[in-house]
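Next comes final_29.tsv, a file with TSV, C-alpha atoms.
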```tsv
chain	number	residue	atom	x	y	z
A	243	MET	CA	-37.96	8.03	-23.15
A	244	PHE	CA	-34.68	9.75	-23.93
A	245	GLN	CA	-33.15	12.22	-21.45
A	246	VAL	CA	-33.38	15.08	-23.98
A	247	ASP	CA	-37.08	14.36	-24.57
A	248	ILE	CA	-37.80	14.35	-20.84
A	249	ILE	CA	-36.00	17.66	-20.33
A	250	GLU	CA	-37.85	19.25	-23.27
A	251	GLN	CA	-41.16	18.07	-21.83
A	252	CYS	CA	-40.17	19.43	-18.42
A	253	LYS	CA	-39.47	22.80	-20.03
A	254	GLN	CA	-43.10	22.73	-21.19
A	255	ASN	CA	-44.26	22.08	-17.59
A	256	ASN	CA	-45.23	18.46	-18.24
A	257	ARG	CA	-45.78	17.19	-14.68
A	258	LYS	CA	-45.29	13.51	-15.59
A	259	ALA	CA	-41.92	14.28	-17.17
A	260	GLN	CA	-40.95	16.38	-14.13
A	261	LEU	CA	-41.87	13.51	-11.82
A	262	GLN	CA	-39.88	11.08	-13.96
A	263	LEU	CA	-36.83	13.38	-13.89
A	264	TYR	CA	-37.24	13.88	-10.14
A	265	ASN	CA	-37.47	10.13	-9.51
A	266	GLN	CA	-34.40	9.53	-11.66
A	267	TYR	CA	-32.18	11.98	-9.72
A	268	CYS	CA	-33.67	12.46	-6.23
A	269	ASN	CA	-31.75	9.67	-4.46
A	270	GLY	CA	-28.37	10.65	-5.90
A	271	MET	CA	-28.92	14.32	-5.11
A	272	TYR	CA	-30.00	13.41	-1.57
A	273	ILE	CA	-26.70	11.58	-1.07
A	274	VAL	CA	-24.81	14.67	-2.25
A	275	ALA	CA	-26.82	16.92	0.09
A	276	LYS	CA	-26.36	14.52	3.02
A	277	ARG	CA	-22.57	14.79	2.66
A	278	PHE	CA	-22.85	18.53	3.26
A	279	LEU	CA	-25.77	18.63	5.68
A	280	LYS	CA	-25.58	15.99	8.38
A	281	ASP	CA	-29.28	16.23	9.25
A	282	ALA	CA	-31.50	14.09	6.99
A	283	ASP	CA	-34.40	16.57	7.10
A	284	ASP	CA	-32.12	19.45	6.12
A	285	ALA	CA	-30.73	17.39	3.24
A	286	GLU	CA	-34.25	16.57	2.04
A	287	ASP	CA	-35.20	20.25	2.21
A	288	ALA	CA	-32.13	21.28	0.25
A	289	VAL	CA	-32.86	18.70	-2.45
A	290	GLN	CA	-36.49	19.82	-2.71
A	291	GLU	CA	-35.44	23.46	-3.03
A	292	ALA	CA	-32.83	22.49	-5.61
A	293	PHE	CA	-35.42	20.68	-7.73
A	294	ILE	CA	-37.79	23.63	-7.51
A	295	LYS	CA	-35.02	25.95	-8.64
A	296	ALA	CA	-33.96	23.53	-11.38
A	297	PHE	CA	-37.49	23.28	-12.77
A	298	THR	CA	-37.96	27.06	-12.70
A	299	LYS	CA	-34.56	27.67	-14.31
A	300	LEU	CA	-34.67	24.73	-16.74
A	301	HIS	CA	-34.78	27.13	-19.68
A	302	GLN	CA	-31.20	28.11	-18.71
A	303	TYR	CA	-29.97	24.52	-19.07
A	304	LYS	CA	-28.04	24.38	-22.35
A	305	ALA	CA	-26.77	20.76	-22.23
A	306	GLU	CA	-23.14	21.89	-22.06
A	307	VAL	CA	-22.82	19.41	-19.20
A	308	THR	CA	-25.03	16.48	-18.28
A	309	PHE	CA	-28.30	17.31	-16.58
A	310	GLY	CA	-27.09	15.43	-13.48
A	311	ALA	CA	-23.96	17.59	-13.23
A	312	TRP	CA	-26.03	20.76	-13.70
A	313	LEU	CA	-28.50	19.65	-11.01
A	314	LYS	CA	-25.71	18.57	-8.66
A	315	ARG	CA	-24.23	22.06	-8.80
A	316	ILE	CA	-27.62	23.51	-7.82
A	317	VAL	CA	-27.85	21.04	-4.92
A	318	VAL	CA	-24.34	21.90	-3.69
A	319	ASN	CA	-25.12	25.62	-3.87
A	320	LYS	CA	-28.39	25.09	-1.97
A	321	CYS	CA	-26.51	23.17	0.74
A	322	ILE	CA	-23.95	25.92	1.09
A	323	ASP	CA	-26.71	28.54	1.22
A	324	PHE	CA	-28.44	26.47	3.89
A	325	LEU	CA	-25.25	26.26	5.97
A	326	LYS	CA	-24.69	29.98	5.65
A	327	ALA	CA	-28.24	30.63	6.78
A	328	LYS	CA	-27.64	28.41	9.81
A	329	LYS	CA	-24.66	30.57	10.82
A	330	HIS	CA	-22.13	28.02	9.62
A	331	GLU	CA	-20.54	30.72	7.53
A	332	LEU	CA	-17.46	29.98	5.53
A	333	VAL	CA	-14.36	31.63	6.87
A	334	GLU	CA	-13.11	34.31	4.50
A	335	LEU	CA	-9.37	34.49	4.04
A	336	LYS	CA	-7.54	37.56	2.93
A	337	GLU	CA	-5.54	37.00	-0.22
A	338	ALA	CA	-2.44	38.42	1.48
A	339	HIS	CA	-2.42	35.46	3.88
A	340	LEU	CA	-2.56	32.88	1.14
A	341	LYS	CA	0.21	31.26	-0.79
A	342	VAL	CA	-0.06	28.82	-3.64
A	343	VAL	CA	0.71	25.34	-2.45
A	344	ASP	CA	1.39	22.90	-5.26
A	345	THR	CA	1.53	19.20	-4.62
A	346	PRO	CA	3.53	16.76	-6.69
A	347	LYS	CA	1.67	15.20	-9.62
A	348	ASP	CA	2.32	11.70	-8.26
A	349	ASP	CA	0.60	12.56	-4.98
A	350	LYS	CA	-2.53	10.40	-4.93
A	351	TRP	CA	-3.89	11.08	-1.44
A	352	LEU	CA	-2.60	7.71	-0.25
A	353	VAL	CA	-3.41	6.50	3.26
A	354	ASP	CA	-2.41	3.48	5.31
A	355	ASP	CA	-4.03	0.22	4.20
A	356	ALA	CA	-5.59	-0.18	7.67
A	357	ILE	CA	-7.69	2.97	7.10
A	358	THR	CA	-11.25	2.18	6.02
A	359	LEU	CA	-13.52	4.24	3.80
A	360	ASN	CA	-15.62	4.96	6.87
A	361	ASP	CA	-12.52	6.27	8.68
A	362	VAL	CA	-11.94	8.70	5.80
A	363	LYS	CA	-15.57	9.84	5.80
A	364	VAL	CA	-15.51	10.43	9.56
A	365	ALA	CA	-12.21	12.31	9.32
A	366	ILE	CA	-13.60	14.57	6.58
A	367	THR	CA	-16.54	15.50	8.82
A	368	GLU	CA	-14.04	16.51	11.53
A	369	LEU	CA	-12.25	18.99	9.27
A	370	PRO	CA	-12.91	22.70	9.83
A	371	ASP	CA	-15.60	23.97	7.41
A	372	LYS	CA	-13.16	26.02	5.32
A	373	TYR	CA	-11.20	22.84	4.54
A	374	ARG	CA	-14.08	20.34	4.60
A	375	PHE	CA	-16.07	22.03	1.82
A	376	VAL	CA	-13.09	22.27	-0.53
A	377	VAL	CA	-11.97	18.69	0.22
A	378	MET	CA	-15.50	17.36	-0.35
A	379	LEU	CA	-16.01	19.31	-3.57
A	380	TYR	CA	-12.60	18.26	-4.91
A	381	LEU	CA	-12.30	14.64	-3.76
A	382	ILE	CA	-15.88	13.45	-3.52
A	383	GLU	CA	-17.78	15.63	-5.98
A	384	GLY	CA	-14.94	15.88	-8.52
A	385	TYR	CA	-14.94	19.65	-9.06
A	386	ASP	CA	-11.78	21.44	-10.18
A	387	HIS	CA	-10.39	24.57	-8.50
A	388	GLN	CA	-12.07	26.95	-10.94
A	389	GLU	CA	-15.48	25.39	-10.24
A	390	ILE	CA	-14.83	25.31	-6.48
A	391	SER	CA	-13.85	28.98	-6.53
A	392	GLU	CA	-17.14	29.84	-8.28
A	393	ILE	CA	-19.26	27.70	-5.96
A	394	LEU	CA	-17.67	28.92	-2.71
A	395	LYS	CA	-17.02	32.45	-4.00
A	396	ILE	CA	-13.31	32.26	-3.20
A	397	SER	CA	-10.28	32.62	-5.46
A	398	GLU	CA	-8.65	29.64	-7.14
A	399	VAL	CA	-5.58	30.34	-5.00
A	400	ALA	CA	-7.72	30.06	-1.86
A	401	SER	CA	-9.22	26.82	-3.18
A	402	ARG	CA	-5.79	25.29	-3.81
A	403	THR	CA	-4.46	26.47	-0.46
A	404	GLN	CA	-7.48	25.24	1.50
A	405	LEU	CA	-7.33	21.89	-0.30
A	406	SER	CA	-3.64	21.51	0.51
A	407	ARG	CA	-4.13	22.45	4.16
A	408	GLY	CA	-7.25	20.27	4.37
A	409	LYS	CA	-5.28	17.35	2.98
A	410	VAL	CA	-2.55	17.81	5.61
A	411	LYS	CA	-5.18	18.01	8.35
A	412	LEU	CA	-6.99	14.96	6.94
A	413	GLN	CA	-3.76	12.97	6.89
A	414	GLU	CA	-3.13	14.00	10.52
A	415	LEU	CA	-6.59	12.76	11.46
A	416	LEU	CA	-5.97	9.45	9.69
A	417	THR	CA	-2.50	8.82	11.08
A	418	LEU	CA	-2.27	5.76	13.26
A	419	LYS	CA	-0.16	5.70	16.39
A	420	LYS	CA	2.32	2.89	16.91
A	421	ASP	CA	-0.21	0.79	18.81
A	422	GLY	CA	-2.95	1.39	16.23
A	423	ALA	CA	-5.01	3.84	18.27
A	424	ARG	CA	-6.12	7.11	16.73
A	425	TYR	CA	-5.25	10.42	18.32
```

Would you encode the structure as structure tokens?
Amino acid sequence: MFQVDIIEQCKQNNRKAQLQLYNQYCNGMYIVAKRFLKDADDAEDAVQEAFIKAFTKLHQYKAEVTFGAWLKRIVVNKCIDFLKAKKHELVELKEAHLKVVDTPKDDKWLVDDAITLNDVKVAITELPDKYRFVVMLYLIEGYDHQEISEILKISEVASRTQLSRGKVKLQELLTLKKDGARY
């Protein structure tokens, strides 16, 4: 069955089509939620709530982006809402304290060859929330600054600044000492 057909059937409350769509996307959306919410149960709850919202708001889906991208945005927003509800509120920055920080176009977030993917993942979890969310949305989820600003309800300037500062902090966390031990 084609994706468009499944979505149209879901819009008509066809439970089999909804289950098929759920089964197609639940594992990927769980992985996204788990990156934001460290607790597996919380991630499962966020995914369930996201699917409920997606099915109730499916009439708003206009196929301007893929269904997976549309659903992923709902999952990310649910995770952020969950964190806010758990008192992990995002730190608001006053625009006056921000400056635009541009990085060179050839800057590719390079790290030492001895750094593993797991090292990077662990370092990202150690970032302060205000940097971690922007870094995750930009690097891992692939959102641009306009999308990040909408998701986190911050300005694009704040998104760029927090990404730049998060990158510096991430590089500090990944820097190896002379003898190879982390600090």

What gap, in Å, lies between CA of Ala305 in chain A and CA of Ile249 in chain A?
->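 Computing it gives 9.9 Å between the two atoms.
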
Separation of CA of Gln262 in chain A from CA of Leu379 in chain A, in Å and rounded to one decimal |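 Spanning CA of Gln262 in chain A to CA of Leu379 in chain A is a straight-line distance of 27.3 Å.
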
Could you please determine the separation between CA of Asp283 in chain A and CA of Cys252 in chain A in Å, to one decimal place?
->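 CA of Cys252 in chain A lies at a distance of 26.3 Å from CA of Asp283 in chain A.
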
Give me the residues within 12 Å of range 289-297 of chain A as a ChimeraX atom specification, counting all atoms listed in the file and dropping any in the same chain fewer than 3 places off.
-> /A:249-257,259-261,263-276,278-279,282-286,300-303,309-324

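Among the candidates A:Phe375, A:Glu383, A:Thr367, A:Val410, the residue lying nearest to Ile396 in chain A is A:Phe375 (atoms considered: all atoms listed in the file).
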
Select, from A:Val376, A:Asp247, A:Leu412, A:Lys299, the residue with the minimum atom-to-atom distance to Lys363 in chain A, counting all atoms listed in the file.
-> A:Leu412

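Distances to Leu415 in chain A were evaluated for A:Arg277, A:Val307, A:Val362, A:Ala327 using all atoms listed in the file, and the minimum falls at A:Val362.
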
Top pick for closest residue to Ser406 in chain A, considering A:His387, A:Lys280, A:Lys304, A:Lys328 and counting all atoms listed in the file =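 When distances to Ser406 in chain A are compared using all atoms listed in the file, the smallest one comes from A:His387.
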